[in-house]
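Below is the file protein-v1.tsv, which contains TSV, C-alpha atoms.
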chain	number	residue	atom	x	y	z
I	1189	MET	CA	34.10	1.65	3.95
I	1190	LEU	CA	36.56	2.70	6.63
I	1191	GLY	CA	39.62	1.60	4.69
I	1192	VAL	CA	42.02	-1.29	4.82
I	1193	ARG	CA	41.71	-1.85	8.54
I	1194	LEU	CA	38.19	-3.15	8.16
I	1195	THR	CA	39.10	-5.76	5.60
I	1196	VAL	CA	42.44	-6.89	7.02
I	1197	ALA	CA	42.76	-7.20	10.78
I	1198	GLU	CA	45.26	-8.84	13.07
I	1199	PRO	CA	43.65	-12.00	14.50
I	1200	VAL	CA	43.40	-12.41	18.24
I	1201	ARG	CA	44.89	-15.48	19.86
I	1202	PRO	CA	43.06	-18.73	19.11
I	1203	LEU	CA	40.53	-19.79	21.72
I	1204	ASP	CA	42.38	-22.60	23.47
I	1205	GLY	CA	40.48	-22.14	26.70
I	1206	PRO	CA	37.39	-20.13	27.58
I	1207	LEU	CA	38.02	-16.50	26.69
I	1208	THR	CA	35.91	-14.61	29.21
I	1209	ALA	CA	33.38	-11.91	28.43
I	1210	ARG	CA	35.58	-9.43	30.27
I	1211	GLU	CA	38.55	-10.34	28.06
I	1212	ALA	CA	36.34	-10.15	24.99
I	1213	VAL	CA	35.20	-6.65	25.95
I	1214	ARG	CA	38.82	-5.53	26.37
I	1215	ALA	CA	39.61	-6.92	22.92
I	1216	VAL	CA	36.57	-5.11	21.47
I	1217	GLU	CA	37.83	-1.88	23.03
I	1218	ALA	CA	41.16	-2.34	21.27
I	1219	GLU	CA	39.42	-3.08	17.97
I	1220	LEU	CA	37.15	-0.08	18.41
I	1221	ALA	CA	40.12	2.20	19.08
I	1222	GLY	CA	41.69	1.20	15.78
I	1223	VAL	CA	38.43	1.64	13.89
I	1224	LEU	CA	37.97	5.13	15.32
I	1225	ASP	CA	41.54	6.12	14.49
I	1226	GLU	CA	41.04	5.04	10.88
I	1227	ALA	CA	37.65	6.76	10.69
I	1228	LEU	CA	39.11	10.01	11.99
I	1229	ALA	CA	41.96	9.88	9.49
I	1230	GLN	CA	39.46	9.49	6.66
I	1231	ALA	CA	37.27	12.30	8.05
I	1232	ARG	CA	40.29	14.64	8.08
I	1233	ASP	CA	41.01	13.71	4.47
I	1234	THR	CA	37.40	14.49	3.59
I	1235	ASP	CA	37.12	17.85	5.34
I	1236	PRO	CA	39.13	19.19	8.31
I	1237	VAL	CA	36.30	21.34	9.70
I	1238	PHE	CA	33.85	18.42	9.66
I	1239	ALA	CA	36.52	16.20	11.22
I	1240	HIS	CA	37.29	18.67	14.00
I	1241	ASP	CA	33.72	19.64	14.84
I	1242	VAL	CA	31.81	16.40	14.30
I	1243	ALA	CA	33.97	13.28	13.85
I	1244	GLU	CA	36.35	14.04	16.72
I	1245	ARG	CA	33.49	14.81	19.10
I	1246	LEU	CA	31.71	11.64	18.11
I	1247	ALA	CA	34.83	9.52	18.55
I	1248	ALA	CA	35.41	11.05	22.00
I	1249	PHE	CA	31.81	10.24	22.92
I	1250	VAL	CA	32.23	6.60	21.84
I	1251	ARG	CA	35.45	6.33	23.81
I	1252	ARG	CA	33.75	7.83	26.85
I	1253	GLY	CA	32.40	4.49	27.73
I	1254	GLY	CA	29.38	2.51	28.56
I	1255	ARG	CA	29.49	-1.06	29.79
I	1256	ARG	CA	29.90	-2.55	26.27
I	1257	MET	CA	27.17	-5.07	27.08
I	1258	ARG	CA	26.13	-5.55	23.48
I	1259	ALA	CA	29.64	-6.59	22.53
I	1260	ALA	CA	29.74	-9.01	25.45
I	1261	PHE	CA	26.40	-10.55	24.48
I	1262	ALA	CA	27.59	-10.99	20.89
I	1263	TRP	CA	30.57	-12.94	22.25
I	1264	CYS	CA	28.21	-15.07	24.39
I	1265	GLY	CA	26.10	-15.88	21.33
I	1266	TRP	CA	29.22	-16.88	19.38
I	1267	ARG	CA	30.47	-19.15	22.15
I	1268	ALA	CA	27.01	-20.66	22.79
I	1269	ALA	CA	26.83	-21.62	19.11
I	1270	GLY	CA	30.22	-23.34	19.29
I	1271	GLY	CA	32.43	-20.47	18.15
I	1272	THR	CA	36.14	-21.29	18.50
I	1273	GLY	CA	39.44	-20.21	17.01
I	1274	ASP	CA	40.00	-16.70	15.69
I	1275	ALA	CA	37.49	-14.40	17.41
I	1276	THR	CA	38.27	-11.36	15.26
I	1277	PRO	CA	34.94	-11.33	13.35
I	1278	VAL	CA	32.86	-11.40	16.52
I	1279	LEU	CA	35.03	-8.73	18.13
I	1280	ARG	CA	34.60	-6.48	15.10
I	1281	THR	CA	30.87	-7.12	15.23
I	1282	GLY	CA	30.95	-6.09	18.89
I	1283	ALA	CA	32.73	-2.87	17.93
I	1284	ALA	CA	30.08	-2.19	15.28
I	1285	LEU	CA	27.36	-2.68	17.90
I	1286	GLU	CA	29.00	-0.07	20.11
I	1287	LEU	CA	28.90	2.39	17.21
I	1288	VAL	CA	25.20	1.66	16.66
I	1289	GLN	CA	24.69	2.31	20.36
I	1290	ALA	CA	26.41	5.69	19.98
I	1291	CYS	CA	24.03	6.56	17.14
I	1292	ALA	CA	21.01	5.59	19.23
I	1293	LEU	CA	22.14	7.58	22.26
I	1294	VAL	CA	22.95	10.75	20.33
I	1295	HIS	CA	19.62	10.71	18.50
I	1296	ASP	CA	17.70	9.74	21.64
I	1297	ASP	CA	19.16	12.68	23.55
I	1298	VAL	CA	18.12	15.04	20.76
I	1299	MET	CA	14.55	13.71	20.75
I	1300	ASP	CA	14.25	13.73	24.54
I	1301	GLY	CA	16.13	17.00	25.11
I	1302	SER	CA	18.44	15.24	27.59
I	1303	ALA	CA	21.43	17.33	28.60
I	1304	LEU	CA	23.57	14.65	30.27
I	1305	ARG	CA	24.97	11.37	28.94
I	1306	ARG	CA	27.71	9.07	30.20
I	1307	GLY	CA	28.63	11.49	32.94
I	1308	GLY	CA	29.17	14.41	30.55
I	1309	PRO	CA	27.21	16.76	28.32
I	1310	ALA	CA	25.09	15.20	25.60
I	1311	LEU	CA	26.46	15.79	22.13
I	1312	HIS	CA	23.87	18.41	21.17
I	1313	VAL	CA	24.84	20.34	24.32
I	1314	GLU	CA	28.49	20.26	23.22
I	1315	PHE	CA	27.48	21.61	19.81
I	1316	ALA	CA	25.44	24.37	21.44
I	1317	ASP	CA	28.57	25.50	23.26
I	1318	LEU	CA	30.79	25.21	20.17
I	1319	TYR	CA	29.81	28.48	18.53
I	1320	GLN	CA	28.15	30.15	21.50
I	1321	GLU	CA	29.98	33.40	20.86
I	1322	ALA	CA	29.35	33.39	17.11
I	1323	ARG	CA	26.45	35.09	15.42
I	1324	THR	CA	24.16	32.43	14.00
I	1325	THR	CA	21.00	32.58	11.96
I	1326	GLY	CA	17.82	30.65	12.52
I	1327	PRO	CA	16.04	29.69	15.74
I	1328	PRO	CA	18.23	29.16	18.84
I	1329	GLY	CA	19.43	25.58	19.10
I	1330	THR	CA	18.86	24.71	15.46
I	1331	PHE	CA	22.57	24.39	14.72
I	1332	ALA	CA	23.25	22.21	17.77
I	1333	LEU	CA	20.38	19.82	17.08
I	1334	SER	CA	21.18	19.57	13.38
I	1335	ALA	CA	24.85	18.88	14.06
I	1336	ALA	CA	24.00	16.22	16.65
I	1337	VAL	CA	21.67	14.45	14.21
I	1338	LEU	CA	24.49	14.39	11.66
I	1339	ALA	CA	26.89	13.03	14.30
I	1340	GLY	CA	24.44	10.23	15.07
I	1341	ASP	CA	24.15	9.50	11.36
I	1342	LEU	CA	27.93	9.35	11.12
I	1343	ALA	CA	28.07	6.79	13.95
I	1344	LEU	CA	25.64	4.62	12.00
I	1345	VAL	CA	27.74	5.00	8.83
I	1346	TRP	CA	30.82	3.84	10.73
I	1347	ALA	CA	28.87	0.92	12.20
I	1348	ASP	CA	27.45	-0.17	8.84
I	1349	ASP	CA	30.86	0.01	7.17
I	1350	LEU	CA	32.39	-2.16	9.87
I	1351	ALA	CA	29.55	-4.70	9.80
I	1352	ALA	CA	29.67	-4.94	6.00
I	1353	ALA	CA	33.44	-5.41	5.94
I	1354	THR	CA	33.20	-8.09	8.62
I	1355	ALA	CA	30.50	-9.89	6.65
I	1356	LEU	CA	32.63	-9.82	3.50
I	1357	GLY	CA	35.38	-11.69	5.35
I	1358	SER	CA	33.10	-14.32	6.89
I	1359	PRO	CA	31.68	-17.51	5.37
I	1360	HIS	CA	28.49	-16.65	7.25
I	1361	GLY	CA	28.39	-13.03	6.11
I	1362	GLY	CA	24.93	-13.24	4.56
I	1363	ARG	CA	23.40	-14.37	7.83
I	1364	LEU	CA	25.29	-11.69	9.73
I	1365	LEU	CA	23.96	-8.92	7.47
I	1366	GLY	CA	20.43	-10.32	7.68
I	1367	GLU	CA	20.49	-9.97	11.46
I	1368	TRP	CA	22.13	-6.55	11.20
I	1369	ARG	CA	19.53	-5.15	8.80
I	1370	ALA	CA	16.66	-6.44	10.92
I	1371	MET	CA	18.19	-4.82	14.00
I	1372	ARG	CA	18.41	-1.40	12.32
I	1373	ARG	CA	14.76	-1.58	11.19
I	1374	GLU	CA	13.64	-2.54	14.68
I	1375	MET	CA	15.55	0.33	16.27
I	1376	ALA	CA	13.94	2.88	13.96
I	1377	ALA	CA	10.49	1.41	14.52
I	1378	GLY	CA	10.94	1.39	18.28
I	1379	GLN	CA	12.13	4.99	18.37
I	1380	TYR	CA	9.13	6.07	16.32
I	1381	ARG	CA	6.68	4.16	18.52
I	1382	ASP	CA	8.29	5.88	21.52
I	1383	VAL	CA	7.83	9.44	20.22
I	1384	ARG	CA	4.36	8.56	18.86
I	1385	ALA	CA	3.22	7.28	22.26
I	1386	GLN	CA	4.39	10.49	23.89
I	1387	ALA	CA	2.63	12.63	21.28
I	1388	THR	CA	-0.66	10.72	21.61
I	1389	GLY	CA	-0.58	10.31	25.40
I	1390	ALA	CA	-0.67	6.51	25.19
I	1391	SER	CA	-0.58	4.66	28.52
I	1392	GLY	CA	-1.42	1.03	27.65
I	1393	MET	CA	0.72	-1.87	28.84
I	1394	ASP	CA	0.78	-3.56	25.42
I	1395	GLU	CA	2.10	-0.37	23.82
I	1396	ALA	CA	4.74	-0.03	26.55
I	1397	VAL	CA	5.95	-3.61	26.00
I	1398	THR	CA	6.10	-3.09	22.22
I	1399	ILE	CA	8.22	0.03	22.64
I	1400	ALA	CA	10.52	-1.60	25.18
I	1401	THR	CA	10.99	-4.61	22.92
I	1402	LEU	CA	11.63	-2.76	19.67
I	1403	LYS	CA	13.58	0.17	21.04
I	1404	SER	CA	15.78	-1.64	23.52
I	1405	ALA	CA	15.40	-5.36	24.18
I	1406	LEU	CA	16.08	-6.53	20.65
I	1407	TYR	CA	19.18	-4.50	19.91
I	1408	THR	CA	20.57	-4.72	23.43
I	1409	VAL	CA	20.55	-8.50	23.85
I	1410	GLU	CA	18.56	-10.55	21.32
I	1411	ARG	CA	20.21	-9.29	18.14
I	1412	PRO	CA	23.76	-9.22	19.60
I	1413	LEU	CA	23.35	-12.86	20.66
I	1414	ALA	CA	22.06	-13.77	17.20
I	1415	LEU	CA	24.81	-11.79	15.46
I	1416	GLY	CA	27.48	-13.66	17.39
I	1417	ALA	CA	25.78	-17.00	16.82
I	1418	SER	CA	25.44	-16.35	13.09
I	1419	LEU	CA	29.22	-15.99	12.82
I	1420	ALA	CA	29.54	-19.49	14.32
I	1421	GLY	CA	27.02	-20.97	11.87
I	1422	ALA	CA	24.39	-21.65	14.55
I	1423	ASP	CA	21.57	-24.03	13.71
I	1424	ALA	CA	17.89	-23.12	14.01
I	1425	ALA	CA	17.39	-24.65	17.46
I	1426	VAL	CA	20.30	-22.76	18.99
I	1427	LEU	CA	19.21	-19.50	17.37
I	1428	ASP	CA	15.66	-19.96	18.63
I	1429	ALA	CA	16.87	-20.51	22.20
I	1430	LEU	CA	19.16	-17.49	21.98
I	1431	ARG	CA	16.42	-15.25	20.62
I	1432	LEU	CA	14.07	-16.17	23.47
I	1433	ALA	CA	16.82	-15.76	26.04
I	1434	GLY	CA	17.83	-12.43	24.55
I	1435	ARG	CA	14.30	-11.04	24.41
I	1436	CYS	CA	13.67	-11.85	28.08
I	1437	ALA	CA	17.05	-10.50	29.18
I	1438	GLY	CA	16.62	-7.40	27.02
I	1439	LEU	CA	13.21	-6.63	28.53
I	1440	ALA	CA	14.66	-7.12	32.02
I	1441	PHE	CA	17.38	-4.63	31.10
I	1442	GLN	CA	14.86	-2.06	29.86
I	1443	LEU	CA	12.66	-2.43	32.92
I	1444	ARG	CA	15.69	-1.88	35.14
I	1445	ASP	CA	16.52	1.18	33.04
I	1446	ASP	CA	12.97	2.45	33.63
I	1447	LEU	CA	13.43	2.13	37.40
I	1448	VAL	CA	16.88	3.73	37.34
I	1449	GLY	CA	15.58	6.54	35.16
I	1450	ALA	CA	12.78	7.20	37.63
I	1451	PHE	CA	14.55	6.71	40.94
I	1452	GLY	CA	18.30	6.51	40.24
I	1453	ASP	CA	21.14	8.77	41.31
I	1454	PRO	CA	22.58	10.78	38.37
I	1455	ALA	CA	25.99	10.73	40.06
I	1456	LEU	CA	26.01	6.94	39.65
I	1457	THR	CA	24.13	6.57	36.37
I	1458	GLY	CA	25.72	9.42	34.40
I	1459	LYS	CA	22.34	10.65	33.13
I	1460	PRO	CA	19.47	12.69	34.59
I	1461	ALA	CA	16.89	11.04	36.82
I	1462	GLY	CA	13.20	11.72	36.36
I	1463	ASP	CA	13.29	13.12	32.83
I	1464	ASP	CA	11.01	10.39	31.45
I	1465	LEU	CA	8.56	10.95	34.31
I	1466	ARG	CA	8.54	14.71	33.81
I	1467	ALA	CA	7.77	14.18	30.12
I	1468	ARG	CA	5.28	11.37	30.87
I	1469	LYS	CA	7.08	9.08	28.44
I	1470	LEU	CA	5.36	5.72	28.16
I	1471	THR	CA	7.41	3.09	29.97
I	1472	TYR	CA	6.44	-0.28	31.41
I	1473	LEU	CA	6.77	1.31	34.85
I	1474	LEU	CA	4.36	4.14	34.05
I	1475	ALA	CA	1.89	1.78	32.36
I	1476	ALA	CA	1.97	-0.49	35.42
I	1477	GLY	CA	1.27	2.50	37.65
I	1478	VAL	CA	-1.69	3.64	35.54
I	1479	ARG	CA	-3.14	0.13	35.50
I	1480	LEU	CA	-2.72	-0.42	39.25
I	1481	ALA	CA	-4.07	3.04	40.12
I	1482	GLY	CA	-7.20	2.27	38.09
I	1483	ALA	CA	-7.62	-1.19	39.58
I	1484	SER	CA	-7.34	0.10	43.16
I	1485	GLY	CA	-9.45	3.21	42.62
I	1486	ASP	CA	-6.56	5.46	43.66
I	1487	ALA	CA	-7.76	8.69	42.04
I	1488	GLU	CA	-4.84	10.73	43.35
I	1489	ALA	CA	-2.30	8.37	41.82
I	1490	ALA	CA	-4.28	8.17	38.56
I	1491	THR	CA	-4.23	11.97	38.29
I	1492	ALA	CA	-0.50	12.15	39.03
I	1493	LEU	CA	0.26	9.53	36.37
I	1494	ALA	CA	-2.16	10.76	33.71
I	1495	ALA	CA	-0.95	11.99	30.33
I	1496	GLY	CA	-1.37	15.64	29.50
I	1497	PRO	CA	0.23	19.02	30.16
I	1498	GLN	CA	2.42	19.01	33.26
I	1499	THR	CA	4.50	21.67	34.94
I	1500	GLY	CA	7.62	19.50	35.06
I	1501	SER	CA	8.32	20.87	38.53
I	1502	ASP	CA	10.16	18.97	41.24
I	1503	GLU	CA	6.88	18.75	43.16
I	1504	ASP	CA	5.21	17.19	40.12
I	1505	LEU	CA	8.03	14.68	39.84
I	1506	GLU	CA	7.79	13.68	43.49
I	1507	ARG	CA	4.03	13.16	43.16
I	1508	VAL	CA	4.62	10.78	40.25
I	1509	ARG	CA	7.31	8.89	42.15
I	1510	ALA	CA	5.07	8.60	45.18
I	1511	ALA	CA	2.22	7.30	43.02
I	1512	LEU	CA	4.45	4.66	41.44
I	1513	THR	CA	5.54	3.49	44.86
I	1514	ARG	CA	2.12	3.63	46.55
I	1515	THR	CA	0.29	1.75	43.79
I	1516	GLY	CA	2.87	-1.06	43.93
I	1517	ALA	CA	4.10	-0.39	40.40
I	1518	ARG	CA	7.70	-0.07	41.52
I	1519	ASP	CA	7.60	-3.41	43.34
I	1520	ALA	CA	5.73	-5.08	40.48
I	1521	VAL	CA	8.38	-4.02	37.96
I	1522	GLU	CA	11.13	-5.20	40.29
I	1523	ALA	CA	9.46	-8.62	40.50
I	1524	ARG	CA	8.98	-8.78	36.74
I	1525	ILE	CA	12.67	-8.09	36.20
I	1526	GLY	CA	13.58	-11.10	38.31
I	1527	GLU	CA	11.13	-13.33	36.43
I	1528	LEU	CA	12.43	-12.25	33.03
I	1529	ALA	CA	16.07	-12.70	34.03
I	1530	ALA	CA	15.45	-16.22	35.36
I	1531	THR	CA	13.52	-17.15	32.21
I	1532	ALA	CA	16.37	-15.85	30.06
I	1533	LEU	CA	18.78	-18.24	31.79
I	1534	ARG	CA	16.46	-21.20	31.24
I	1535	HIS	CA	16.25	-20.46	27.52
I	1536	PHE	CA	20.01	-20.00	27.27
I	1537	THR	CA	20.59	-23.42	28.84
I	1538	ARG	CA	18.71	-24.97	25.89
I	1539	THR	CA	21.56	-23.94	23.57
I	1540	GLY	CA	23.78	-26.63	25.08
I	1541	ALA	CA	26.47	-24.03	25.80
I	1542	PRO	CA	29.28	-25.18	28.10
I	1543	PRO	CA	28.89	-24.38	31.82
I	1544	ALA	CA	31.53	-21.63	31.66
I	1545	VAL	CA	29.61	-19.82	28.90
I	1546	ARG	CA	26.33	-20.23	30.78
I	1547	ALA	CA	27.99	-18.64	33.81
I	1548	GLU	CA	29.23	-15.77	31.66
I	1549	PHE	CA	25.73	-15.19	30.29
I	1550	ALA	CA	24.19	-15.33	33.76
I	1551	ALA	CA	26.67	-12.75	35.02
I	1552	LEU	CA	25.93	-10.44	32.08
I	1553	VAL	CA	22.17	-10.75	32.56
I	1554	GLY	CA	22.59	-10.05	36.27
I	1555	LEU	CA	24.60	-6.94	35.44
I	1556	ALA	CA	22.12	-5.75	32.81
I	1557	ALA	CA	19.04	-6.43	34.93
I	1558	GLY	CA	20.53	-5.37	38.25
I	1559	VAL	CA	19.72	-8.68	39.96
I	1560	ALA	CA	21.70	-11.46	41.61
I	1561	LEU	CA	21.32	-14.67	39.65
I	1562	GLU	CA	22.24	-18.15	40.76
I	1563	GLY	CA	25.09	-19.50	38.68
I	1564	ALA	CA	26.47	-16.11	37.72
I	1565	GLY	CA	29.56	-16.48	39.86
I	1566	GLU	CA	32.44	-14.15	39.04
I	1567	ALA	CA	32.28	-14.71	35.29
I	1568	ALA	CA	31.67	-11.26	33.81
Can the structure from this file be put into structure tokens for me?
Amino acid sequence: MLGVRLTVAEPVRPLDGPLTAREAVRAVEAELAGVLDEALAQARDTDPVFAHDVAERLAAFVRRGGRRMRAAFAWCGWRAAGGTGDATPVLRTGAALELVQACALVHDDVMDGSALRRGGPALHVEFADLYQEARTTGPPGTFALSAAVLAGDLALVWADDLAAATALGSPHGGRLLGEWRAMRREMAAGQYRDVRAQATGASGMDEAVTIATLKSALYTVERPLALGASLAGADAAVLDALRLAGRCAGLAFQLRDDLVGAFGDPALTGKPAGDDLRARKLTYLLAAGVRLAGASGDAEAATALAAGPQTGSDEDLERVRAALTRTGARDAVEARIGELAATALRHFTRTGAPPAVRAEFAALVGLAAGVALEGAGEAA
């Protein structure tokens, strides 16, 4: 465990009026800062070299940002299930989710060879620079990749400690841990299906949806909603509505991420554009392009989108982008995002959540999916 802080925490103010998602995220940031401070103190007690090289870099990476959407969705799930009073357990759960996200990003960047994350160097790139002048043994890059894997593992350790301590202090701790364990299994399965699809050259739509669901949709929205709701003692009907809402919203988020990854501006997104296309990673967008190219008999597009050895050149990338646009795949994914986001709102309404909470959820889904949704207002 990460020490006393995780078992005894100062409660936030009681919920006498609707605490907004934005306020909840700020409170999660404060909680996360304290957790990281305690974790760093313990790392320094364990070993100062490890603390300096690994723990401090990881903590800086976590503090570097992200939109904290998972924490906000956990708060929405708690409120939709009738959560009131001291919000500390759900805020701590939100902080734990942000640590899981750090683990996923660090490991994902290692597997994909991505050099940029959150507007700065990926963690394995930082480790490569750490001892650049030193004489090292083994193949080039081995140290950096190994250290980054360990940093990702450490983020998961911190997350698990925080989730376990929160569960111990909650009357609904068993349900919380059940959701948490399922989420970790799904993340590992999704990551494996992702690398397996790339290794085998898979291009099927069903496979793409499975990967998007397991790797992203579940742990981005569905599980955070359920984690928050479990802390409020949600009944089966509310949980069912939240799961369906979360799965739709999570898929909309991943499909938007596919489009941004293919066509986005790195200066705005903080990560490279086109890397997935260069590597021919199986995404819903790519699968849609392959399917539409085949249906229309567009041999040029089918060749551009086909799995197999590629040069990875800028010309190659532009051919793939052109094929995705010409076949209508880009427009089809855009339309599917809107459908999924609207369906997510309909499912969320079934929870019976108050109008203010529904507006908060709509605003968060709109932000995650990159669409304007009726009823979102200024909530999030």
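Across the structure, CA of Thr1401 in chain I and CA of Gln1442 in chain I are spaced 8.3 Å apart.
For Lys1403 in chain I, the set of protein, DNA and RNA residues having any atom at most 7 Å away, when counting all atoms listed in the file and skipping those fewer than 5 positions along the same chain, is Glu1374, Met1375, Gly1378 and Gln1379 of chain I.
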- Using all atoms listed in the file, which of the listed residues (I:Leu1447, I:Ala1376, I:Leu1432, I:Ala1487) sits closest to Ala1557 in chain I? I:Leu1447
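Summary of the local environment: counting all atoms listed in the file, residues at most 10 Å from Thr1537 in chain I, other than itself and those fewer than 5 positions away along its chain, are Ala1268, Val1426, Ala1429, Leu1430, Ala1433, Ala1532, Pro1542, Pro1543, Val1545, Arg1546 and Phe1549 of chain I.
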Okay, now the selection with C-alpha atoms, as an mmCIF file, in the coordinates of the input?
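Final file, selection-v8.cif:
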data_model
loop_
_atom_site.group_PDB
_atom_site.id
_atom_site.type_symbol
_atom_site.label_atom_id
_atom_site.label_comp_id
_atom_site.auth_asym_id
_atom_site.auth_seq_id
_atom_site.Cartn_x
_atom_site.Cartn_y
_atom_site.Cartn_z
ATOM 1 C CA ALA I 1268 27.010 -20.660 22.790
ATOM 2 C CA VAL I 1426 20.300 -22.760 18.990
ATOM 3 C CA ALA I 1429 16.870 -20.510 22.200
ATOM 4 C CA LEU I 1430 19.160 -17.490 21.980
ATOM 5 C CA ALA I 1433 16.820 -15.760 26.040
ATOM 6 C CA ALA I 1532 16.370 -15.850 30.060
ATOM 7 C CA PRO I 1542 29.280 -25.180 28.100
ATOM 8 C CA PRO I 1543 28.890 -24.380 31.820
ATOM 9 C CA VAL I 1545 29.610 -19.820 28.900
ATOM 10 C CA ARG I 1546 26.330 -20.230 30.780
ATOM 11 C CA PHE I 1549 25.730 -15.190 30.290
#
Using all atoms listed in the file, find each residue of range 1286-1335 of chain I with at least one atom at most 12 Å away from an atom of range 1223-1241 of chain I; report its shortest atom-to-atom pair and that distance in Å (one decimal), sort the rows by chain and rising residue number, and return the result as CSV.
residue,atom,partner,partner_atom,distance
I:Glu1286,CA,I:Leu1224,CA,11.4
I:Leu1287,CA,I:Leu1224,CA,9.7
I:Leu1311,CA,I:Asp1241,CA,11.0
I:His1312,CA,I:Asp1241,CA,11.8
I:Glu1314,CA,I:Asp1241,CA,9.9
I:Phe1315,CA,I:Asp1241,CA,8.2
I:Ala1316,CA,I:Asp1241,CA,11.6
I:Asp1317,CA,I:Asp1241,CA,11.5
I:Leu1318,CA,I:Asp1241,CA,8.2
I:Tyr1319,CA,I:Asp1241,CA,10.3
I:Ala1332,CA,I:Asp1241,CA,11.2
I:Ala1335,CA,I:Asp1241,CA,8.9
- For Val1288 in chain I, the closest of I:Phe1249, I:Arg1372, I:Gly1329, I:Leu1207 counting only C-alpha atoms is I:Arg1372
Assuming 6 Å of padding per side, give the centre and edge lengths of the axis-aligned box around every listed atom of range 1506-1513 of chain I, in Å to one decimal and as lines of an AutoDock Vina configuration file.
center_x = 5.0
center_y = 8.6
center_z = 42.7
size_x = 17.6
size_y = 22.2
size_z = 16.9
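Of the residues under consideration (I:Ala1292, I:Leu1350, I:Leu1304, I:Ala1218), I:Leu1304 shows the shortest atom-to-atom contact distance to Asp1463 in chain I when counting all atoms listed in the file.
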Which residues of range 1482-1561 of chain I have any atom within 10 Å of an atom in range 1270-1278 of chain I when counting only C-alpha atoms, and what is the closest pair of atoms for each, with the distance in Å to one decimal? Order the rows by chain and rising number and write it as a Markdown table.
| residue | atom | partner | partner_atom | distance |
| --- | --- | --- | --- | --- |
| I:Thr1539 | CA | I:Gly1270 | CA | 9.7 |
| I:Gly1540 | CA | I:Gly1270 | CA | 9.3 |
| I:Ala1541 | CA | I:Gly1270 | CA | 7.5 |
| I:Pro1542 | CA | I:Gly1270 | CA | 9.0 |
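Rounded to one decimal, CA of Leu1285 in chain I and CA of Gln1386 in chain I lie 27.1 Å from each other.
Between CA of Asp1348 in chain I and CA of Leu1365 in chain I there is a distance of 9.5 Å.
Excluding Ser1418 in chain I itself and any same-chain residue fewer than 2 positions from it, the protein and nucleic acid residues within 9 Å of it, counting all atoms listed in the file, are Gly1265, Trp1266, Ala1269, His1360, Gly1361, Arg1363, Leu1364, Glu1367, Leu1413, Ala1414, Leu1415, Gly1416, Ala1420, Gly1421, Ala1422, Asp1423 and Leu1427 of chain I.
Each of I:Val1345, I:Ala1243, I:Ala1475, I:Ala1248 was checked against Ala1390 in chain I using only C-alpha atoms; the smallest atom-to-atom distance is that of I:Ala1475.
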- Note on the structure: Asp1428 in chain I proximity check over I:Glu1219, I:Glu1410, I:Glu1503, I:Asp1394, using all atoms listed in the file: winner is I:Glu1410
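Of the residues under consideration (I:Ala1511, I:Val1313, I:Val1216, I:Ala1247), I:Val1216 shows the shortest atom-to-atom contact distance to Arg1280 in chain I when counting only C-alpha atoms.
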Need to verify the contact set: Arg1214 in chain I, 12 Å, only C-alpha atoms, exclusion of same-chain residues closer than 3 positions in sequence. Can you return it as a compact mmCIF listing (two decimals) with C-alpha atoms, keeping the file's coordinate frame?
# COMPACT_ATOMS: atom_id res chain seq x y z
CA VAL I 1200 43.40 -12.41 18.24
CA LEU I 1207 38.02 -16.50 26.69
CA THR I 1208 35.91 -14.61 29.21
CA ALA I 1209 33.38 -11.91 28.43
CA ARG I 1210 35.58 -9.43 30.27
CA GLU I 1211 38.55 -10.34 28.06
CA GLU I 1217 37.83 -1.88 23.03
CA ALA I 1218 41.16 -2.34 21.27
CA GLU I 1219 39.42 -3.08 17.97
CA LEU I 1220 37.15 -0.08 18.41
CA ALA I 1221 40.12 2.20 19.08
CA GLY I 1253 32.40 4.49 27.73
CA ARG I 1255 29.49 -1.06 29.79
CA ARG I 1256 29.90 -2.55 26.27
CA MET I 1257 27.17 -5.07 27.08
CA ALA I 1259 29.64 -6.59 22.53
CA ALA I 1260 29.74 -9.01 25.45
CA TRP I 1263 30.57 -12.94 22.25
CA LEU I 1279 35.03 -8.73 18.13
CA GLY I 1282 30.95 -6.09 18.89
CA ALA I 1283 32.73 -2.87 17.93
CA ALA I 1568 31.67 -11.26 33.81
